[in-house]
Amino acid sequence: MITGLAMDLGAIVLLAYGLYYRRHHRRDLLFAYVALNVGIFAVVSLLLVQRVDIAVGFGLFGVLSIIRLRSSEITQQEIAYYFVAIVLGLVNGIAAAWPLTALLLNGVLLAVMYVADHPGLLGRTRHQVVTLDVVHADPEALRVDLESRLRARVLQCEVTQVDYVRDVTVVDVRYVAPNTRVGVR
């Protein structure tokens, strides 16, 4: 169990501090990932010591995976980090008898997160909800207006709300941010 705890703490520190915080800078979720991971590890370790049925563990996994994921403040990226934090706790809690397997799975999970969330992969693609002070009847005019305001190429836009009385349009926009790099470092 000590080996599993050491591997779990190492893995969650790499995930939370090494990957997530350096890229997204949200302290509140950093703490949530670490606390959730260590809590999952502790519960799984206890369940294994007490020899509770594995169905209880999977039920616990299901309940914990939906605790806070329905909030609109959390992006899909952050949900992925939540999920991996939970899985790391489970893997390291269960795999006390197979530390090399746990170490391999930790490496695979961390490597996948590193690559999948790497800024160089899709880093310039952005998502934003924009409220415009005009209602466009023509979809092409809407696209041109958005590109002018965002100073970016719009990939997709979907009107989510139109208020003709106040002359307001709310648009969900996906766009490519302009390349603002001046020099290569």
# chains A, B, ... in the order shown; residues from 1 in each chain; ligands from 1

$ residues_around --residues "segment 42-44 of chain A" --least-positions-apart "6" --cutoff "8 Å" --atoms "only C-alpha atoms" --output "list in words"
Gly57, Gly89, Leu90, Gly93 and Ile94 of chain A

$ write_last_selection --atoms "N, CA and C atoms" --output "PDB file, in the first residue's frame"
ATOM      1  N   GLY A  57     -17.117  -0.855  -5.406  1.00  0.00           N
ATOM      2  CA  GLY A  57     -16.086   0.058  -5.902  1.00  0.00           C
ATOM      3  C   GLY A  57     -16.487   0.731  -7.192  1.00  0.00           C
ATOM      4  N   GLY A  89      -6.274   7.433  -8.980  1.00  0.00           N
ATOM      5  CA  GLY A  89      -6.542   6.972  -7.619  1.00  0.00           C
ATOM      6  C   GLY A  89      -6.993   5.528  -7.589  1.00  0.00           C
ATOM      7  N   LEU A  90      -7.851   5.156  -8.538  1.00  0.00           N
ATOM      8  CA  LEU A  90      -8.316   3.764  -8.612  1.00  0.00           C
ATOM      9  C   LEU A  90      -7.187   2.810  -8.979  1.00  0.00           C
ATOM     10  N   GLY A  93      -4.723   2.527  -6.139  1.00  0.00           N
ATOM     11  CA  GLY A  93      -5.328   1.883  -4.974  1.00  0.00           C
ATOM     12  C   GLY A  93      -5.520   0.396  -5.173  1.00  0.00           C
ATOM     13  N   ILE A  94      -5.902  -0.012  -6.377  1.00  0.00           N
ATOM     14  CA  ILE A  94      -6.168  -1.421  -6.672  1.00  0.00           C
ATOM     15  C   ILE A  94      -4.888  -2.193  -6.952  1.00  0.00           C
TER      16      ILE A  94
END

$ select_by_dssp --residues "chain A" --states "strand (DSSP E)" --output "number ranges by chain"
A: 125-132, 153-163, 168-176

$ write_last_selection --atoms "N, CA and C atoms" --output "PDB file, in the first residue's frame"
ATOM      1  N   THR A 125      -7.239  27.013 -31.471  1.00  0.00           N
ATOM      2  CA  THR A 125      -8.686  26.915 -31.616  1.00  0.00           C
ATOM      3  C   THR A 125      -9.347  27.383 -30.322  1.00  0.00           C
ATOM      4  N   ARG A 126     -10.310  28.273 -30.444  1.00  0.00           N
ATOM      5  CA  ARG A 126     -10.970  28.845 -29.276  1.00  0.00           C
ATOM      6  C   ARG A 126     -12.484  28.685 -29.369  1.00  0.00           C
ATOM      7  N   HIS A 127     -13.116  28.794 -28.203  1.00  0.00           N
ATOM      8  CA  HIS A 127     -14.575  28.736 -28.096  1.00  0.00           C
ATOM      9  C   HIS A 127     -15.001  29.898 -27.217  1.00  0.00           C
ATOM     10  N   GLN A 128     -16.037  30.612 -27.651  1.00  0.00           N
ATOM     11  CA  GLN A 128     -16.488  31.763 -26.878  1.00  0.00           C
ATOM     12  C   GLN A 128     -17.962  32.006 -27.167  1.00  0.00           C
ATOM     13  N   VAL A 129     -18.696  32.442 -26.158  1.00  0.00           N
ATOM     14  CA  VAL A 129     -20.068  32.887 -26.349  1.00  0.00           C
ATOM     15  C   VAL A 129     -20.014  34.407 -26.436  1.00  0.00           C
ATOM     16  N   VAL A 130     -20.516  34.949 -27.556  1.00  0.00           N
ATOM     17  CA  VAL A 130     -20.414  36.380 -27.840  1.00  0.00           C
ATOM     18  C   VAL A 130     -21.821  36.977 -27.873  1.00  0.00           C
ATOM     19  N   THR A 131     -21.973  38.104 -27.207  1.00  0.00           N
ATOM     20  CA  THR A 131     -23.229  38.852 -27.257  1.00  0.00           C
ATOM     21  C   THR A 131     -23.013  40.070 -28.139  1.00  0.00           C
ATOM     22  N   LEU A 132     -23.764  40.120 -29.223  1.00  0.00           N
ATOM     23  CA  LEU A 132     -23.640  41.221 -30.186  1.00  0.00           C
ATOM     24  C   LEU A 132     -24.756  42.239 -29.974  1.00  0.00           C
ATOM     25  N   ARG A 153     -10.380  33.953 -37.715  1.00  0.00           N
ATOM     26  CA  ARG A 153     -11.182  33.196 -38.686  1.00  0.00           C
ATOM     27  C   ARG A 153     -12.200  32.338 -37.938  1.00  0.00           C
ATOM     28  N   VAL A 154     -13.482  32.544 -38.215  1.00  0.00           N
ATOM     29  CA  VAL A 154     -14.559  31.804 -37.560  1.00  0.00           C
ATOM     30  C   VAL A 154     -14.705  30.444 -38.233  1.00  0.00           C
ATOM     31  N   LEU A 155     -14.656  29.402 -37.420  1.00  0.00           N
ATOM     32  CA  LEU A 155     -14.830  28.050 -37.934  1.00  0.00           C
ATOM     33  C   LEU A 155     -16.304  27.654 -37.931  1.00  0.00           C
ATOM     34  N   GLN A 156     -16.996  28.050 -36.870  1.00  0.00           N
ATOM     35  CA  GLN A 156     -18.400  27.690 -36.737  1.00  0.00           C
ATOM     36  C   GLN A 156     -19.068  28.695 -35.813  1.00  0.00           C
ATOM     37  N   CYS A 157     -20.301  29.059 -36.122  1.00  0.00           N
ATOM     38  CA  CYS A 157     -21.052  29.936 -35.226  1.00  0.00           C
ATOM     39  C   CYS A 157     -22.512  29.479 -35.213  1.00  0.00           C
ATOM     40  N   GLU A 158     -23.074  29.516 -34.015  1.00  0.00           N
ATOM     41  CA  GLU A 158     -24.459  29.102 -33.854  1.00  0.00           C
ATOM     42  C   GLU A 158     -25.176  30.135 -32.996  1.00  0.00           C
ATOM     43  N   VAL A 159     -26.241  30.696 -33.537  1.00  0.00           N
ATOM     44  CA  VAL A 159     -27.027  31.679 -32.803  1.00  0.00           C
ATOM     45  C   VAL A 159     -27.824  30.927 -31.738  1.00  0.00           C
ATOM     46  N   THR A 160     -27.632  31.332 -30.470  1.00  0.00           N
ATOM     47  CA  THR A 160     -28.343  30.660 -29.377  1.00  0.00           C
ATOM     48  C   THR A 160     -29.501  31.496 -28.846  1.00  0.00           C
ATOM     49  N   GLN A 161     -29.456  32.816 -29.120  1.00  0.00           N
ATOM     50  CA  GLN A 161     -30.537  33.673 -28.633  1.00  0.00           C
ATOM     51  C   GLN A 161     -30.605  34.939 -29.482  1.00  0.00           C
ATOM     52  N   VAL A 162     -31.832  35.363 -29.776  1.00  0.00           N
ATOM     53  CA  VAL A 162     -32.051  36.615 -30.496  1.00  0.00           C
ATOM     54  C   VAL A 162     -33.119  37.399 -29.739  1.00  0.00           C
ATOM     55  N   ASP A 163     -32.818  38.660 -29.481  1.00  0.00           N
ATOM     56  CA  ASP A 163     -33.764  39.554 -28.814  1.00  0.00           C
ATOM     57  C   ASP A 163     -33.974  40.758 -29.735  1.00  0.00           C
ATOM     58  N   VAL A 168     -30.273  42.397 -29.769  1.00  0.00           N
ATOM     59  CA  VAL A 168     -29.141  41.637 -29.233  1.00  0.00           C
ATOM     60  C   VAL A 168     -29.172  40.222 -29.792  1.00  0.00           C
ATOM     61  N   THR A 169     -27.981  39.721 -30.139  1.00  0.00           N
ATOM     62  CA  THR A 169     -27.820  38.341 -30.589  1.00  0.00           C
ATOM     63  C   THR A 169     -26.736  37.686 -29.742  1.00  0.00           C
ATOM     64  N   VAL A 170     -27.002  36.477 -29.260  1.00  0.00           N
ATOM     65  CA  VAL A 170     -26.006  35.701 -28.521  1.00  0.00           C
ATOM     66  C   VAL A 170     -25.581  34.558 -29.438  1.00  0.00           C
ATOM     67  N   VAL A 171     -24.260  34.454 -29.647  1.00  0.00           N
ATOM     68  CA  VAL A 171     -23.726  33.490 -30.598  1.00  0.00           C
ATOM     69  C   VAL A 171     -22.653  32.639 -29.928  1.00  0.00           C
ATOM     70  N   ASP A 172     -22.721  31.335 -30.143  1.00  0.00           N
ATOM     71  CA  ASP A 172     -21.683  30.403 -29.703  1.00  0.00           C
ATOM     72  C   ASP A 172     -20.703  30.273 -30.867  1.00  0.00           C
ATOM     73  N   VAL A 173     -19.451  30.722 -30.657  1.00  0.00           N
ATOM     74  CA  VAL A 173     -18.480  30.817 -31.750  1.00  0.00           C
ATOM     75  C   VAL A 173     -17.277  29.925 -31.487  1.00  0.00           C
ATOM     76  N   ARG A 174     -16.834  29.241 -32.521  1.00  0.00           N
ATOM     77  CA  ARG A 174     -15.569  28.501 -32.505  1.00  0.00           C
ATOM     78  C   ARG A 174     -14.702  29.136 -33.586  1.00  0.00           C
ATOM     79  N   TYR A 175     -13.482  29.495 -33.184  1.00  0.00           N
ATOM     80  CA  TYR A 175     -12.633  30.229 -34.118  1.00  0.00           C
ATOM     81  C   TYR A 175     -11.165  29.883 -33.906  1.00  0.00           C
ATOM     82  N   VAL A 176     -10.349  30.293 -34.864  1.00  0.00           N
ATOM     83  CA  VAL A 176      -8.905  30.104 -34.775  1.00  0.00           C
ATOM     84  C   VAL A 176      -8.304  31.444 -34.408  1.00  0.00           C
TER      85      VAL A 176
END

$ residues_around --residues "Ala35 of chain A" --least-positions-apart "6" --cutoff "12 Å" --atoms "only C-alpha atoms" --output "list in words"
Asp8, Leu9, Ile12, Val13, Ala16, Asp28, Leu29, Phe41, Ala42, Tyr82, Ala85, Ile86 and Gly89 of chain A

$ closest_residue --among "A:Ala177, A:Arg166, A:Leu110, A:Tyr20" --to "Arg149 of chain A" --atoms "only C-alpha atoms"
A:Ala177

$ select_by_dssp --residues "segment 2-169 of chain A" --states "alpha helix (DSSP H)" --output "ChimeraX atom specification"
/A:2-13,22-24,27-49,54-65,76-94,99-116,119-122,139-150

$ write_last_selection --atoms "C-alpha atoms" --output "mmCIF file, in the first residue's frame"
data_model
loop_
_atom_site.group_PDB
_atom_site.id
_atom_site.type_symbol
_atom_site.label_atom_id
_atom_site.label_comp_id
_atom_site.auth_asym_id
_atom_site.auth_seq_id
_atom_site.Cartn_x
_atom_site.Cartn_y
_atom_site.Cartn_z
ATOM 1 C CA ILE A 2 2.904 2.389 0.694
ATOM 2 C CA THR A 3 4.239 1.817 -2.823
ATOM 3 C CA GLY A 4 0.799 2.470 -4.293
ATOM 4 C CA LEU A 5 0.444 5.658 -2.265
ATOM 5 C CA ALA A 6 3.859 6.897 -3.378
ATOM 6 C CA MET A 7 3.045 6.161 -7.041
ATOM 7 C CA ASP A 8 -0.372 7.809 -6.690
ATOM 8 C CA LEU A 9 1.039 10.961 -5.107
ATOM 9 C CA GLY A 10 3.739 11.157 -7.771
ATOM 10 C CA ALA A 11 1.202 10.694 -10.560
ATOM 11 C CA ILE A 12 -1.305 13.238 -9.230
ATOM 12 C CA VAL A 13 1.436 15.815 -8.636
ATOM 13 C CA ARG A 22 1.001 25.050 -15.845
ATOM 14 C CA ARG A 23 -1.416 25.108 -18.791
ATOM 15 C CA HIS A 24 -4.713 26.309 -17.276
ATOM 16 C CA ARG A 27 -5.954 26.881 -8.354
ATOM 17 C CA ASP A 28 -9.464 25.832 -7.325
ATOM 18 C CA LEU A 29 -9.467 22.846 -9.663
ATOM 19 C CA LEU A 30 -5.859 22.012 -8.842
ATOM 20 C CA PHE A 31 -6.885 21.440 -5.238
ATOM 21 C CA ALA A 32 -10.008 19.523 -6.317
ATOM 22 C CA TYR A 33 -7.980 17.118 -8.484
ATOM 23 C CA VAL A 34 -5.495 16.350 -5.719
ATOM 24 C CA ALA A 35 -8.165 15.968 -3.022
ATOM 25 C CA LEU A 36 -10.371 13.793 -5.220
ATOM 26 C CA ASN A 37 -7.460 11.587 -6.241
ATOM 27 C CA VAL A 38 -6.165 11.026 -2.713
ATOM 28 C CA GLY A 39 -9.703 10.425 -1.459
ATOM 29 C CA ILE A 40 -10.348 7.828 -4.165
ATOM 30 C CA PHE A 41 -7.043 6.142 -3.381
ATOM 31 C CA ALA A 42 -7.907 5.974 0.333
ATOM 32 C CA VAL A 43 -11.403 4.589 -0.243
ATOM 33 C CA VAL A 44 -10.235 1.987 -2.777
ATOM 34 C CA SER A 45 -7.413 0.912 -0.464
ATOM 35 C CA LEU A 46 -9.887 0.529 2.392
ATOM 36 C CA LEU A 47 -12.323 -1.422 0.212
ATOM 37 C CA LEU A 48 -9.543 -3.820 -0.773
ATOM 38 C CA VAL A 49 -8.399 -4.336 2.832
ATOM 39 C CA ILE A 54 -15.859 -4.980 -6.522
ATOM 40 C CA ALA A 55 -19.357 -3.814 -7.559
ATOM 41 C CA VAL A 56 -19.314 -1.433 -4.581
ATOM 42 C CA GLY A 57 -16.086 0.058 -5.902
ATOM 43 C CA PHE A 58 -17.479 0.559 -9.388
ATOM 44 C CA GLY A 59 -20.646 2.083 -7.910
ATOM 45 C CA LEU A 60 -18.484 4.480 -5.923
ATOM 46 C CA PHE A 61 -16.537 5.328 -9.083
ATOM 47 C CA GLY A 62 -19.793 6.142 -10.891
ATOM 48 C CA VAL A 63 -21.092 8.352 -8.096
ATOM 49 C CA LEU A 64 -17.819 10.232 -7.696
ATOM 50 C CA SER A 65 -17.437 10.815 -11.411
ATOM 51 C CA GLN A 76 -14.762 19.483 -21.104
ATOM 52 C CA GLN A 77 -10.975 19.666 -20.779
ATOM 53 C CA GLU A 78 -11.266 20.042 -17.025
ATOM 54 C CA ILE A 79 -13.700 17.132 -16.855
ATOM 55 C CA ALA A 80 -11.037 15.012 -18.564
ATOM 56 C CA TYR A 81 -8.566 15.990 -15.844
ATOM 57 C CA TYR A 82 -11.169 15.053 -13.201
ATOM 58 C CA PHE A 83 -11.640 11.680 -14.837
ATOM 59 C CA VAL A 84 -7.907 10.969 -15.017
ATOM 60 C CA ALA A 85 -7.467 12.052 -11.377
ATOM 61 C CA ILE A 86 -10.154 9.528 -10.409
ATOM 62 C CA VAL A 87 -8.625 6.780 -12.561
ATOM 63 C CA LEU A 88 -5.142 7.371 -11.129
ATOM 64 C CA GLY A 89 -6.542 6.972 -7.619
ATOM 65 C CA LEU A 90 -8.316 3.764 -8.612
ATOM 66 C CA VAL A 91 -5.346 2.302 -10.480
ATOM 67 C CA ASN A 92 -2.892 2.979 -7.678
ATOM 68 C CA GLY A 93 -5.328 1.883 -4.974
ATOM 69 C CA ILE A 94 -6.168 -1.421 -6.672
ATOM 70 C CA PRO A 99 3.157 -2.058 -8.876
ATOM 71 C CA LEU A 100 4.753 -2.337 -12.333
ATOM 72 C CA THR A 101 1.326 -2.486 -13.953
ATOM 73 C CA ALA A 102 0.234 0.563 -11.976
ATOM 74 C CA LEU A 103 3.417 2.398 -12.926
ATOM 75 C CA LEU A 104 2.858 1.573 -16.606
ATOM 76 C CA LEU A 105 -0.781 2.709 -16.472
ATOM 77 C CA ASN A 106 0.224 5.919 -14.682
ATOM 78 C CA GLY A 107 2.755 6.613 -17.429
ATOM 79 C CA VAL A 108 0.235 5.919 -20.183
ATOM 80 C CA LEU A 109 -2.442 8.142 -18.595
ATOM 81 C CA LEU A 110 -0.035 11.014 -18.004
ATOM 82 C CA ALA A 111 1.486 10.741 -21.486
ATOM 83 C CA VAL A 112 -1.949 10.752 -23.116
ATOM 84 C CA MET A 113 -2.979 13.834 -21.134
ATOM 85 C CA TYR A 114 0.296 15.576 -21.978
ATOM 86 C CA VAL A 115 -0.174 15.010 -25.701
ATOM 87 C CA ALA A 116 -3.961 15.468 -25.886
ATOM 88 C CA PRO A 119 -1.026 23.692 -26.709
ATOM 89 C CA GLY A 120 0.832 22.883 -29.912
ATOM 90 C CA LEU A 121 -1.764 20.318 -30.955
ATOM 91 C CA LEU A 122 -4.893 22.473 -31.227
ATOM 92 C CA PRO A 139 -25.611 34.197 -41.695
ATOM 93 C CA GLU A 140 -22.716 35.411 -43.861
ATOM 94 C CA ALA A 141 -23.030 38.952 -42.491
ATOM 95 C CA LEU A 142 -22.968 37.464 -38.983
ATOM 96 C CA ARG A 143 -19.782 35.553 -39.796
ATOM 97 C CA VAL A 144 -18.088 38.657 -41.238
ATOM 98 C CA ASP A 145 -19.096 40.729 -38.188
ATOM 99 C CA LEU A 146 -17.739 38.070 -35.793
ATOM 100 C CA GLU A 147 -14.462 37.765 -37.701
ATOM 101 C CA SER A 148 -14.070 41.545 -37.595
ATOM 102 C CA ARG A 149 -14.759 41.758 -33.852
ATOM 103 C CA LEU A 150 -12.672 38.732 -32.879
#

$ atom_distance --atom1 "atom CA of Val134 of chain A" --atom2 "atom CA of Pro178 of chain A"
24.4 Å

$ atom_distance --atom1 "atom CA of Leu19 of chain A" --atom2 "atom CA of Asp117 of chain A"
8.5 Å

$ atom_distance --atom1 "atom CA of Arg26 of chain A" --atom2 "atom CA of Arg124 of chain A"
19.5 Å
